[in-house]
>>> print(open('entry.txt').read())   # compact mmCIF, C-alpha atoms and all ligand atoms
# COMPACT_ATOMS: atom_id res chain seq x y z
CA MET A 60 -19.65 -7.50 11.72
CA LEU A 61 -18.65 -4.24 10.09
CA THR A 62 -15.09 -3.05 9.56
CA ARG A 63 -13.98 0.25 8.13
CA PHE A 64 -10.97 1.68 6.35
CA ALA A 65 -10.67 5.37 7.15
CA PRO A 66 -8.03 7.14 5.07
CA SER A 67 -7.61 10.89 5.10
CA PRO A 68 -7.74 12.06 1.48
CA THR A 69 -4.73 14.31 1.96
CA GLY A 70 -2.56 12.10 -0.23
CA TYR A 71 -2.55 8.80 -2.08
CA ILE A 72 -2.58 5.55 -0.15
CA HIS A 73 0.74 3.75 0.28
CA LEU A 74 1.55 0.15 1.18
CA GLY A 75 0.98 0.80 4.90
CA ASN A 76 -2.58 2.12 4.35
CA VAL A 77 -3.32 -0.57 1.81
CA ARG A 78 -2.37 -3.22 4.33
CA THR A 79 -4.90 -1.81 6.79
CA ALA A 80 -7.56 -1.67 4.05
CA LEU A 81 -6.82 -5.23 3.00
CA VAL A 82 -6.88 -6.63 6.53
CA CYS A 83 -10.22 -4.87 7.21
CA TRP A 84 -11.59 -6.20 3.92
CA LEU A 85 -10.36 -9.76 4.47
CA TYR A 86 -11.70 -9.78 8.01
CA ALA A 87 -15.14 -8.65 6.86
CA ARG A 88 -15.26 -11.11 3.97
CA LYS A 89 -14.06 -13.98 6.15
CA SER A 90 -16.75 -13.26 8.75
CA GLY A 91 -19.55 -12.69 6.26
CA GLY A 92 -19.60 -9.04 7.35
CA LYS A 93 -19.40 -5.71 5.58
CA PHE A 94 -16.59 -3.31 4.80
CA MET A 95 -16.96 0.46 4.89
CA LEU A 96 -14.86 3.13 3.22
CA ARG A 97 -14.84 6.21 5.43
CA LEU A 98 -13.19 9.34 4.13
CA ASP A 99 -11.67 11.29 7.01
CA ASP A 100 -11.84 14.65 5.29
CA THR A 101 -12.39 17.05 8.18
CA ASP A 102 -9.17 18.86 7.27
CA ILE A 103 -10.73 20.94 4.48
CA GLU A 104 -7.47 22.63 3.52
CA ARG A 105 -5.53 19.45 2.90
CA SER A 106 -8.28 17.08 1.74
CA LYS A 107 -8.54 16.97 -2.04
CA GLU A 108 -11.03 15.38 -4.40
CA ILE A 109 -8.18 14.09 -6.52
CA PHE A 110 -7.00 11.99 -3.57
CA VAL A 111 -10.54 10.69 -2.93
CA GLU A 112 -10.63 9.52 -6.54
CA GLY A 113 -7.11 8.12 -6.26
CA ILE A 114 -7.97 6.13 -3.12
CA LYS A 115 -11.08 4.70 -4.75
CA ARG A 116 -9.21 3.86 -7.93
CA ASP A 117 -6.49 2.09 -5.95
CA LEU A 118 -8.92 0.07 -3.83
CA THR A 119 -10.84 -0.91 -6.94
CA TRP A 120 -7.64 -1.89 -8.72
CA LEU A 121 -6.73 -4.09 -5.76
CA GLY A 122 -10.17 -5.71 -5.84
CA LEU A 123 -11.15 -4.33 -2.43
CA GLY A 124 -14.71 -3.24 -3.09
CA TRP A 125 -16.60 -1.52 -0.28
CA ASP A 126 -20.20 -2.06 0.80
CA LEU A 127 -20.75 1.34 2.42
CA GLU A 128 -19.20 4.73 2.00
CA MET A 129 -19.27 7.90 4.06
CA ARG A 130 -17.53 11.21 4.39
CA GLN A 131 -16.82 12.99 7.62
CA SER A 132 -17.22 16.40 5.97
CA GLU A 133 -20.93 15.61 5.58
CA ARG A 134 -21.34 14.93 9.29
CA LEU A 135 -20.03 18.10 10.90
CA ALA A 136 -23.44 18.98 12.33
CA ARG A 137 -23.54 15.60 14.07
CA TYR A 138 -20.08 16.11 15.60
CA ARG A 139 -21.11 19.59 16.84
CA GLU A 140 -24.18 18.05 18.43
CA VAL A 141 -22.03 15.50 20.28
CA VAL A 142 -19.64 18.24 21.40
CA GLU A 143 -22.58 20.24 22.80
CA VAL A 144 -23.76 17.24 24.81
CA LEU A 145 -20.26 16.51 26.08
CA ILE A 146 -19.82 20.17 27.12
CA LYS A 147 -23.04 19.93 29.13
CA ASP A 148 -21.78 16.70 30.70
CA GLY A 149 -18.51 18.38 31.65
CA ARG A 150 -16.43 16.12 29.39
CA VAL A 151 -15.47 18.81 26.90
CA TYR A 152 -14.14 22.23 27.89
CA ALA A 153 -13.08 25.44 26.20
CA CYS A 154 -9.41 26.53 26.26
CA PHE A 155 -7.89 29.82 25.21
CA GLU A 156 -4.13 29.24 25.06
CA THR A 157 -2.37 30.21 21.87
CA GLU A 158 -0.05 27.80 20.04
CA GLN A 159 2.94 29.68 21.45
CA GLU A 160 1.66 29.52 25.01
CA LEU A 161 1.10 25.79 24.71
CA ASP A 162 4.54 25.39 23.23
CA VAL A 163 6.13 27.18 26.19
CA LYS A 164 4.20 24.96 28.61
CA ARG A 165 5.33 21.83 26.80
CA LYS A 166 8.97 22.94 26.74
CA MET A 167 8.91 23.71 30.46
CA GLN A 168 7.45 20.30 31.26
CA MET A 169 10.02 18.57 29.07
CA SER A 170 12.91 20.49 30.66
CA ARG A 171 11.72 19.28 34.04
CA GLY A 172 11.57 15.74 32.74
CA LEU A 173 7.77 15.65 32.85
CA PRO A 174 5.52 14.21 30.13
CA PRO A 175 3.82 16.88 27.98
CA ILE A 176 0.38 16.54 29.53
CA TYR A 177 -1.92 19.55 29.35
CA ASP A 178 -2.16 21.18 32.83
CA ARG A 179 -5.89 21.94 32.56
CA ALA A 180 -5.32 25.60 33.35
CA ALA A 181 -8.42 26.36 31.26
CA LEU A 182 -10.62 24.56 33.79
CA LYS A 183 -9.64 27.15 36.38
CA LEU A 184 -10.65 30.14 34.27
CA THR A 185 -13.46 32.22 35.70
CA GLU A 186 -16.36 33.34 33.56
CA GLU A 187 -14.90 36.87 33.54
CA GLN A 188 -11.52 35.70 32.35
CA LYS A 189 -13.18 33.77 29.55
CA GLN A 190 -15.24 36.81 28.53
CA LYS A 191 -12.09 38.89 28.57
CA PHE A 192 -10.32 36.48 26.21
CA LEU A 193 -13.34 36.51 23.90
CA ALA A 194 -13.46 40.32 23.98
CA GLU A 195 -9.76 40.36 23.06
CA GLY A 196 -10.67 38.38 19.99
CA ARG A 197 -9.32 35.01 21.16
CA LYS A 198 -11.33 32.06 19.91
CA PRO A 199 -11.63 28.97 22.07
CA HIS A 200 -10.48 25.51 21.15
CA TYR A 201 -11.96 22.50 22.93
CA ARG A 202 -10.46 19.58 24.79
CA PHE A 203 -11.89 16.27 25.87
CA LEU A 204 -11.47 15.65 29.60
CA MET A 205 -9.79 12.33 30.29
CA LYS A 206 -11.12 10.58 33.38
CA ASP A 207 -8.64 9.37 35.97
CA GLU A 208 -9.43 5.72 35.57
CA SER A 209 -7.90 2.61 34.05
CA ILE A 210 -8.61 1.92 30.40
CA THR A 211 -8.26 -1.67 29.28
CA TRP A 212 -9.16 -3.70 26.25
CA ASN A 213 -8.38 -7.05 24.79
CA ASP A 214 -6.65 -6.27 21.52
CA GLU A 215 -7.03 -8.95 18.85
CA VAL A 216 -3.35 -8.58 17.94
CA ARG A 217 -1.67 -7.22 21.04
CA GLY A 218 -3.64 -9.07 23.71
CA PRO A 219 -4.61 -7.25 26.91
CA VAL A 220 -3.72 -3.54 26.79
CA ALA A 221 -3.93 -1.15 29.74
CA PHE A 222 -3.59 2.62 30.10
CA GLU A 223 -4.17 5.01 32.96
CA GLY A 224 -6.37 7.97 32.03
CA LYS A 225 -4.26 10.33 34.11
CA HIS A 226 -1.20 9.62 31.99
CA LEU A 227 -2.92 10.84 28.84
CA SER A 228 -3.22 14.49 27.94
CA ASP A 229 -6.73 15.86 27.30
CA PRO A 230 -6.80 15.89 23.49
CA ILE A 231 -7.84 18.93 21.49
CA ILE A 232 -10.96 17.88 19.61
CA VAL A 233 -12.09 21.20 18.09
CA ARG A 234 -9.50 23.64 16.77
CA GLU A 235 -9.61 27.39 17.27
CA GLY A 236 -11.22 27.88 13.85
CA GLY A 237 -13.97 25.36 14.67
CA SER A 238 -12.61 22.44 12.63
CA PHE A 239 -12.45 18.99 14.16
CA THR A 240 -9.29 17.04 14.81
CA TYR A 241 -9.29 13.32 14.00
CA MET A 242 -10.04 12.02 17.49
CA LEU A 243 -13.73 12.64 18.24
CA PRO A 244 -15.33 12.34 14.76
CA SER A 245 -13.73 8.91 14.40
CA ALA A 246 -15.24 7.71 17.67
CA VAL A 247 -18.63 9.27 16.82
CA ASP A 248 -18.70 7.56 13.44
CA ASP A 249 -17.57 4.21 14.79
CA ALA A 250 -20.37 4.45 17.35
CA ASP A 251 -23.11 5.81 15.04
CA TYR A 252 -22.41 3.32 12.28
CA ALA A 253 -22.03 0.44 14.73
CA ILE A 254 -18.57 -0.53 13.56
CA THR A 255 -17.90 -3.82 15.29
CA HIS A 256 -14.15 -4.19 14.60
CA VAL A 257 -11.64 -1.37 14.31
CA VAL A 258 -8.46 -2.64 12.65
CA ARG A 259 -5.61 -0.18 12.22
CA GLY A 260 -1.88 0.28 12.70
CA GLU A 261 -0.16 0.24 16.08
CA ASP A 262 0.45 3.98 15.82
CA HIS A 263 -3.18 4.34 16.93
CA VAL A 264 -2.90 2.42 20.21
CA THR A 265 -2.85 5.56 22.38
CA ASN A 266 -5.71 7.07 20.37
CA THR A 267 -7.72 3.96 21.15
CA ALA A 268 -7.26 4.53 24.89
CA VAL A 269 -8.63 8.06 24.46
CA GLN A 270 -11.44 6.96 22.16
CA ILE A 271 -12.57 4.25 24.57
CA GLN A 272 -13.27 7.01 27.09
CA MET A 273 -15.10 8.91 24.35
CA PHE A 274 -17.33 5.92 23.56
CA LYS A 275 -18.16 5.63 27.24
CA ALA A 276 -18.80 9.37 27.54
CA MET A 277 -21.31 9.01 24.68
CA GLY A 278 -22.93 6.05 26.43
CA LYS A 279 -21.75 3.60 23.77
CA VAL A 280 -19.95 0.29 23.93
CA PRO A 281 -16.51 0.44 22.28
CA PRO A 282 -15.91 -1.87 19.31
CA THR A 283 -13.32 -4.65 19.27
CA PHE A 284 -9.85 -3.36 18.43
CA ALA A 285 -6.96 -4.91 16.54
CA HIS A 286 -3.74 -2.93 16.11
CA THR A 287 -1.40 -4.46 13.59
CA ALA A 288 2.33 -4.18 14.16
CA PHE A 289 4.42 -2.22 11.71
CA VAL A 290 5.98 -3.81 8.72
CA LYS A 291 9.14 -2.02 7.71
CA THR A 292 11.95 -2.23 5.25
CA LYS A 293 15.47 -1.92 6.59
CA GLU A 294 15.33 1.74 5.60
CA GLY A 295 12.10 2.57 7.39
CA LYS A 296 8.36 2.29 7.24
CA LEU A 297 6.37 0.19 4.82
CA SER A 298 5.14 3.29 3.05
CA LYS A 299 8.33 3.66 1.06
CA ARG A 300 9.56 1.34 -1.61
CA GLU A 301 12.63 2.46 -3.45
CA GLY A 302 11.29 5.96 -3.60
CA SER A 303 7.85 4.96 -4.77
CA GLU A 304 4.94 5.30 -2.41
CA GLY A 305 1.71 4.96 -4.28
CA MET A 306 -0.15 2.23 -6.12
CA GLN A 307 0.30 4.17 -9.35
CA GLU A 308 4.03 3.43 -9.29
CA PHE A 309 3.34 -0.26 -8.77
CA ARG A 310 0.86 -0.23 -11.64
CA GLU A 311 3.36 1.47 -13.90
CA ALA A 312 6.07 -0.98 -12.91
CA GLY A 313 3.77 -3.81 -14.02
CA ILE A 314 3.11 -5.16 -10.53
CA GLU A 315 -0.13 -7.14 -10.36
CA PRO A 316 -2.65 -6.13 -7.67
CA LEU A 317 -2.78 -9.71 -6.44
CA ALA A 318 0.99 -9.74 -5.87
CA ILE A 319 0.55 -6.75 -3.56
CA ALA A 320 -2.50 -8.25 -1.86
CA SER A 321 -0.75 -11.61 -1.35
CA PHE A 322 2.28 -9.88 0.10
CA LEU A 323 0.30 -7.63 2.43
CA ALA A 324 -2.02 -10.42 3.58
CA LYS A 325 0.93 -12.56 4.62
CA VAL A 326 3.68 -10.21 5.76
CA GLY A 327 3.85 -9.92 9.54
CA THR A 328 1.80 -13.11 10.01
CA SER A 329 2.78 -16.67 10.85
CA ASP A 330 2.08 -17.74 7.24
CA PRO A 331 4.91 -17.88 4.69
CA ILE A 332 4.91 -15.01 2.20
CA GLU A 333 3.56 -16.72 -0.90
CA VAL A 334 1.44 -15.67 -3.80
CA ARG A 335 -2.19 -16.73 -4.11
CA ALA A 336 -4.15 -16.90 -7.34
CA SER A 337 -7.19 -15.07 -5.99
CA LEU A 338 -8.41 -12.84 -3.19
CA GLU A 339 -10.81 -15.65 -2.23
CA GLU A 340 -7.84 -17.84 -1.32
CA LEU A 341 -6.50 -15.04 0.86
CA VAL A 342 -9.91 -14.74 2.51
CA ALA A 343 -9.97 -18.48 3.21
CA GLU A 344 -6.56 -18.36 4.89
CA PHE A 345 -7.18 -15.15 6.82
CA ASP A 346 -7.10 -15.27 10.60
CA MET A 347 -6.48 -12.29 12.86
CA LYS A 348 -4.68 -14.66 15.26
CA LYS A 349 -1.90 -15.16 12.72
CA PHE A 350 -0.75 -11.54 13.01
CA SER A 351 2.47 -10.98 14.89
CA ARG A 352 2.51 -8.38 17.64
CA SER A 353 6.11 -7.41 16.97
CA PRO A 354 7.26 -5.43 13.93
CA THR A 355 8.49 -7.29 10.86
CA ILE A 356 11.34 -6.31 8.59
CA TYR A 357 10.81 -7.29 4.99
CA ALA A 358 12.67 -7.00 1.69
CA PRO A 359 10.91 -4.90 -0.96
CA GLU A 360 12.05 -7.45 -3.57
CA ASP A 361 9.49 -9.85 -2.09
CA ILE A 362 6.76 -8.13 -4.06
CA ASP A 363 8.68 -8.53 -7.32
CA ARG A 364 9.28 -12.17 -6.55
CA LEU A 365 5.57 -12.78 -5.89
CA ASN A 366 4.69 -10.88 -9.04
CA ALA A 367 6.84 -13.15 -11.21
CA LYS A 368 5.39 -16.26 -9.54
CA LEU A 369 1.87 -15.00 -10.14
CA ILE A 370 2.48 -14.30 -13.82
CA HIS A 371 3.93 -17.76 -14.28
CA LEU A 372 0.49 -19.08 -13.32
CA TYR A 373 -1.38 -16.98 -15.90
CA THR A 374 -2.96 -18.96 -18.71
CA PHE A 375 -3.11 -17.54 -22.19
CA ALA A 376 -6.89 -17.20 -21.86
CA LYS A 377 -6.39 -15.02 -18.81
CA VAL A 378 -3.90 -12.62 -20.40
CA ALA A 379 -5.32 -12.55 -23.92
CA PRO A 380 -7.59 -9.53 -23.27
CA ARG A 381 -4.68 -7.64 -21.75
CA LEU A 382 -2.39 -8.48 -24.64
CA LYS A 383 -5.05 -7.09 -26.93
CA GLU A 384 -5.16 -3.86 -24.92
CA MET A 385 -1.38 -3.64 -25.21
CA GLY A 386 -1.72 -3.85 -29.00
CA LEU A 387 -0.27 -7.36 -28.97
CA SER A 388 -3.24 -9.37 -30.19
CA ALA A 389 -0.91 -11.20 -32.59
CA ILE A 390 0.60 -13.06 -29.66
CA ASP A 391 -0.72 -16.61 -29.61
CA GLU A 392 -0.85 -19.27 -26.95
CA SER A 393 2.38 -21.01 -27.90
CA PHE A 394 4.32 -17.75 -27.83
CA TRP A 395 2.85 -16.84 -24.43
CA ASN A 396 3.67 -20.26 -23.02
CA ALA A 397 7.22 -20.04 -24.37
CA VAL A 398 8.09 -16.67 -22.82
CA ARG A 399 5.98 -16.85 -19.68
CA PRO A 400 8.61 -18.53 -17.45
CA ASN A 401 10.98 -15.64 -18.17
CA LEU A 402 8.62 -12.79 -17.39
CA LYS A 403 8.84 -10.68 -14.26
CA THR A 404 5.97 -8.47 -15.43
CA VAL A 405 3.32 -8.93 -18.14
CA ASN A 406 4.66 -5.79 -19.85
CA GLU A 407 7.92 -7.58 -20.58
CA VAL A 408 6.17 -9.79 -23.10
CA LYS A 409 6.32 -6.81 -25.43
CA ASP A 410 10.14 -6.87 -25.53
CA TRP A 411 10.14 -10.54 -26.42
CA TRP A 412 7.54 -10.05 -29.10
CA THR A 413 9.41 -7.15 -30.68
CA ILE A 414 12.64 -9.08 -30.80
CA CYS A 415 11.14 -12.31 -32.07
CA ARG A 416 8.43 -11.23 -34.44
CA GLU A 417 8.83 -7.63 -35.49
CA THR A 418 11.27 -6.39 -38.07
CA LEU A 419 14.60 -5.35 -36.60
CA SER A 420 17.63 -3.68 -38.10
CA PRO A 421 20.45 -5.77 -36.69
CA GLU A 422 23.66 -4.32 -35.34
CA ILE A 423 26.60 -5.96 -37.00
CA GLU A 424 30.02 -5.49 -35.40
CA ASP A 425 31.98 -7.82 -37.63
CA ALA A 426 30.23 -8.88 -40.83
CA ASP A 427 32.55 -11.81 -41.56
CA PHE A 428 32.12 -13.27 -38.13
CA ALA A 429 28.32 -12.90 -38.29
CA LYS A 430 28.16 -14.53 -41.70
CA ALA A 431 30.38 -17.39 -40.59
CA ALA A 432 28.09 -17.94 -37.61
CA ALA A 433 25.03 -17.87 -39.88
CA GLU A 434 26.47 -20.60 -42.06
CA ILE A 435 26.61 -23.07 -39.23
CA LEU A 436 23.20 -22.43 -37.72
CA PRO A 437 21.81 -25.85 -36.83
CA THR A 438 19.25 -27.43 -39.12
CA GLY A 439 16.24 -29.50 -38.06
CA LYS A 440 13.75 -28.57 -35.36
CA TRP A 441 14.85 -25.73 -33.08
CA ASP A 442 14.43 -25.86 -29.36
CA GLU A 443 16.16 -24.48 -26.25
CA LYS A 444 19.20 -26.71 -26.93
CA THR A 445 19.78 -25.18 -30.34
CA TRP A 446 21.53 -22.14 -28.95
CA ASP A 447 24.11 -24.16 -26.97
CA ILE A 448 24.88 -26.42 -29.91
CA TRP A 449 25.28 -23.47 -32.23
CA VAL A 450 27.38 -21.33 -29.91
CA ASN A 451 29.67 -24.24 -29.28
CA ASP A 452 30.18 -24.71 -33.00
CA VAL A 453 30.81 -20.98 -33.51
CA LYS A 454 33.36 -21.07 -30.70
CA GLN A 455 35.19 -24.01 -32.31
CA LYS A 456 35.15 -22.45 -35.73
CA THR A 457 36.17 -18.90 -34.82
CA GLY A 458 38.18 -19.41 -31.64
CA ARG A 459 36.15 -16.67 -29.93
CA SER A 460 34.80 -16.99 -26.41
CA GLY A 461 33.08 -15.01 -23.67
CA LYS A 462 31.87 -11.53 -24.47
CA THR A 463 33.54 -11.37 -27.91
CA LEU A 464 31.54 -14.43 -28.85
CA PHE A 465 28.16 -13.61 -27.32
CA MET A 466 27.84 -9.85 -27.74
CA PRO A 467 28.08 -9.73 -31.56
CA LEU A 468 25.55 -12.56 -31.80
CA ARG A 469 23.17 -10.83 -29.40
CA LYS A 470 23.43 -7.52 -31.23
CA ALA A 471 22.94 -9.15 -34.61
CA LEU A 472 19.91 -11.15 -33.47
CA THR A 473 18.21 -8.60 -31.22
CA ALA A 474 19.79 -5.19 -31.97
CA MET A 475 20.28 -4.84 -28.21
CA GLU A 476 23.08 -5.35 -25.76
CA HIS A 477 20.88 -6.82 -23.08
CA GLY A 478 17.65 -8.69 -23.06
CA PRO A 479 15.97 -12.00 -22.59
CA GLU A 480 18.03 -15.21 -22.68
CA LEU A 481 19.14 -15.99 -26.22
CA ARG A 482 18.73 -19.66 -25.46
CA ASN A 483 14.98 -19.05 -25.20
CA LEU A 484 14.80 -16.43 -27.91
CA LEU A 485 16.49 -18.25 -30.74
CA PRO A 486 13.76 -20.84 -31.38
CA LEU A 487 11.16 -18.06 -31.26
CA ILE A 488 13.08 -15.87 -33.71
CA GLY A 489 13.31 -18.83 -36.08
CA ARG A 490 15.83 -19.76 -38.70
CA ASP A 491 14.83 -17.37 -41.50
CA LYS A 492 14.94 -14.25 -39.39
CA ALA A 493 18.15 -15.38 -37.70
CA ILE A 494 19.94 -15.90 -41.01
CA ALA A 495 18.76 -12.58 -42.40
CA ARG A 496 19.75 -10.63 -39.29
CA LEU A 497 23.19 -12.27 -39.16
CA HIS A 498 23.63 -11.12 -42.76
CA GLY A 499 22.89 -7.57 -41.65
CA LYS A 500 19.43 -7.44 -43.19
CA ALA A 501 16.39 -5.97 -41.50
CA ALA A 502 14.11 -8.91 -40.73
N1 LIG B 601 -7.88 8.87 9.23
C1 LIG B 601 -7.16 8.11 10.20
C2 LIG B 601 -5.80 7.74 9.64
O1 LIG B 601 -5.59 7.88 8.47
C3 LIG B 601 -7.96 6.89 10.53
C4 LIG B 601 -7.46 6.11 11.67
C5 LIG B 601 -8.48 5.10 12.12
O2 LIG B 601 -8.51 4.02 11.53
O3 LIG B 601 -9.25 5.40 13.02
O4 LIG B 601 -4.91 7.37 10.35
>>> encode(input="entry.txt", output="structure tokens", more="lines below")
Ligand code: GLU
Amino acid sequence: MLTRFAPSPTGYIHLGNVRTALVCWLYARKSGGKFMLRLDDTDIERSKEIFVEGIKRDLTWLGLGWDLEMRQSERLARYREVVEVLIKDGRVYACFETEQELDVKRKMQMSRGLPPIYDRAALKLTEEQKQKFLAEGRKPHYRFLMKDESITWNDEVRGPVAFEGKHLSDPIIVREGGSFTYMLPSAVDDADYAITHVVRGEDHVTNTAVQIQMFKAMGKVPPTFAHTAFVKTKEGKLSKREGSEGMQEFREAGIEPLAIASFLAKVGTSDPIEVRASLEELVAEFDMKKFSRSPTIYAPEDIDRLNAKLIHLYTFAKVAPRLKEMGLSAIDESFWNAVRPNLKTVNEVKDWWTICRETLSPEIEDADFAKAAAEILPTGKWDEKTWDIWVNDVKQKTGRSGKTLFMPLRKALTAMEHGPELRNLLPLIGRDKAIARLHGKAA
């Protein structure tokens, strides 16, 4: 079995693409097969090397290594060869309409309530008419001739699917300038590389009907198809997440690749959306049959929730190298274990460390109040109950409550108005630092 992920390097990959990549990868791994990365870069103007690098970096970050790699731009001669054969076989024909002429045709069909199917006027052109167009400087574009026959396949997600060839417009496969559109090269590659399973989004269902005729025209057997249903937020497609589209934004926000992979492996399936500690676990649970054929609406916060859950499973040994990279090699196991339940991202550990162990200049609103509070700091061993005992005493002694009680203490102890729970922080800050900070001293 061989699956392939075929992004066009005209931009970075977003959650929607990554889901397709992940499902292809999981399917291959589960079946003991291989996974190919195919770069659909026939659009020379819009394809950029920076996006190729970005796609590879993102897949690598997610742990989705590929066994084979290919680029469509290196196979143009092969596509031309196939086009030549299909022209000889009468399955590809030259057309001379301009964009504007086609537009007028489409508008007229629409105004008459007809589907915008190409009328095949080009097939009626005589050799003289064609020569005349060429002499005028018109360059041909080429269409694939759809056969008037039923097209059916058994989709691994959607079940039996049927189309009638006559209801599909003959697609343009070679543009006026000679460049290829997506449709034919994809079918040629899937056939030449013996892709066994094509997994992609449901927006490709109609393309599949066309491509099945292309496989047959080339004398090849079509692969198995699986078209996954869309996963959307209430606002729209999966590609958008609070204005951030790419993996880079997730990385910067401290989202772990496995949180994304867990989410994307489960969303739109019959499994609950839960985090898994490794890609291997996701492989073990993968089954194409679990995928729903109807679109799913999800909440973007799900990824954040999974991220927090995942981090709460991280042992100190696992994060130690990362802490070192973050310049936090002073963090030890007990500190990590103490703050871990409160982290939503690994990056947040830095805030806790700064507050608890670095020197801070406290913000004192009312020196007398802070000093009075310092005097009654509990003695003995400090734990998460210390804060409640202390605050209660301060309340009794000063008569303060609510914000006027908590805010000055928070600012004195952390020099911030917001931050991690003081209940958890206080034992980590320790008595000496707490006393000094309440007295307005940098500590
Ligand atoms: N380059 C195409 C896309 O990005 C690939 C579709 C396919 O999987 O065949 O949609």
>>> atom_distance(input="entry.txt", atom1="CA of Ser67 (chain A)", atom2="atom O4 of ligand LIG 601 (chain B)")
6.9 Å
>>> residues_near_point(input="entry.txt", point="(-14.0, 6.0, -3.3)", cutoff="9 Å", atoms="all atoms listed in the file", output="PyMOL selection string")
chain A and resi 96-98+111-119+125+128
>>> closest_residue(input="entry.txt", among="A:His477, A:Trp411, A:Phe284, A:Ile488", to="Thr445 (chain A)", atoms="only C-alpha atoms")
A:Ile488
>>> residues_near_ligand(input="entry.txt", ligand="ligand LIG 601 (chain B)", cutoff="8 Å", atoms="only C-alpha atoms and all ligand atoms", output="number ranges by chain")
A: 63-67, 76, 98-99, 241, 245-246, 257-260, 263
>>> residues_around(input="entry.txt", residues="region 433-436 of chain A", least_positions_apart="6", cutoff="6 Å", atoms="only C-alpha atoms", output="VMD selection string")
chain A and resid 449 494 497
>>> closest_residue(input="entry.txt", among="A:Ile448, A:Leu123, A:Ile72, A:Leu402", to="Leu317 (chain A)", atoms="all atoms listed in the file")
A:Leu123
>>> residues_near_point(input="entry.txt", point="(23.1, -13.6, -34.0)", cutoff="7 Å", atoms="only C-alpha atoms", output="NGL selection string")
:A and (429 or 467-472 or 493 or 496-497)
>>> closest_residue(input="entry.txt", among="A:Ala288, A:Met347, A:Ile319, A:Ile271", to="Ala87 (chain A)", atoms="all atoms listed in the file")
A:Met347
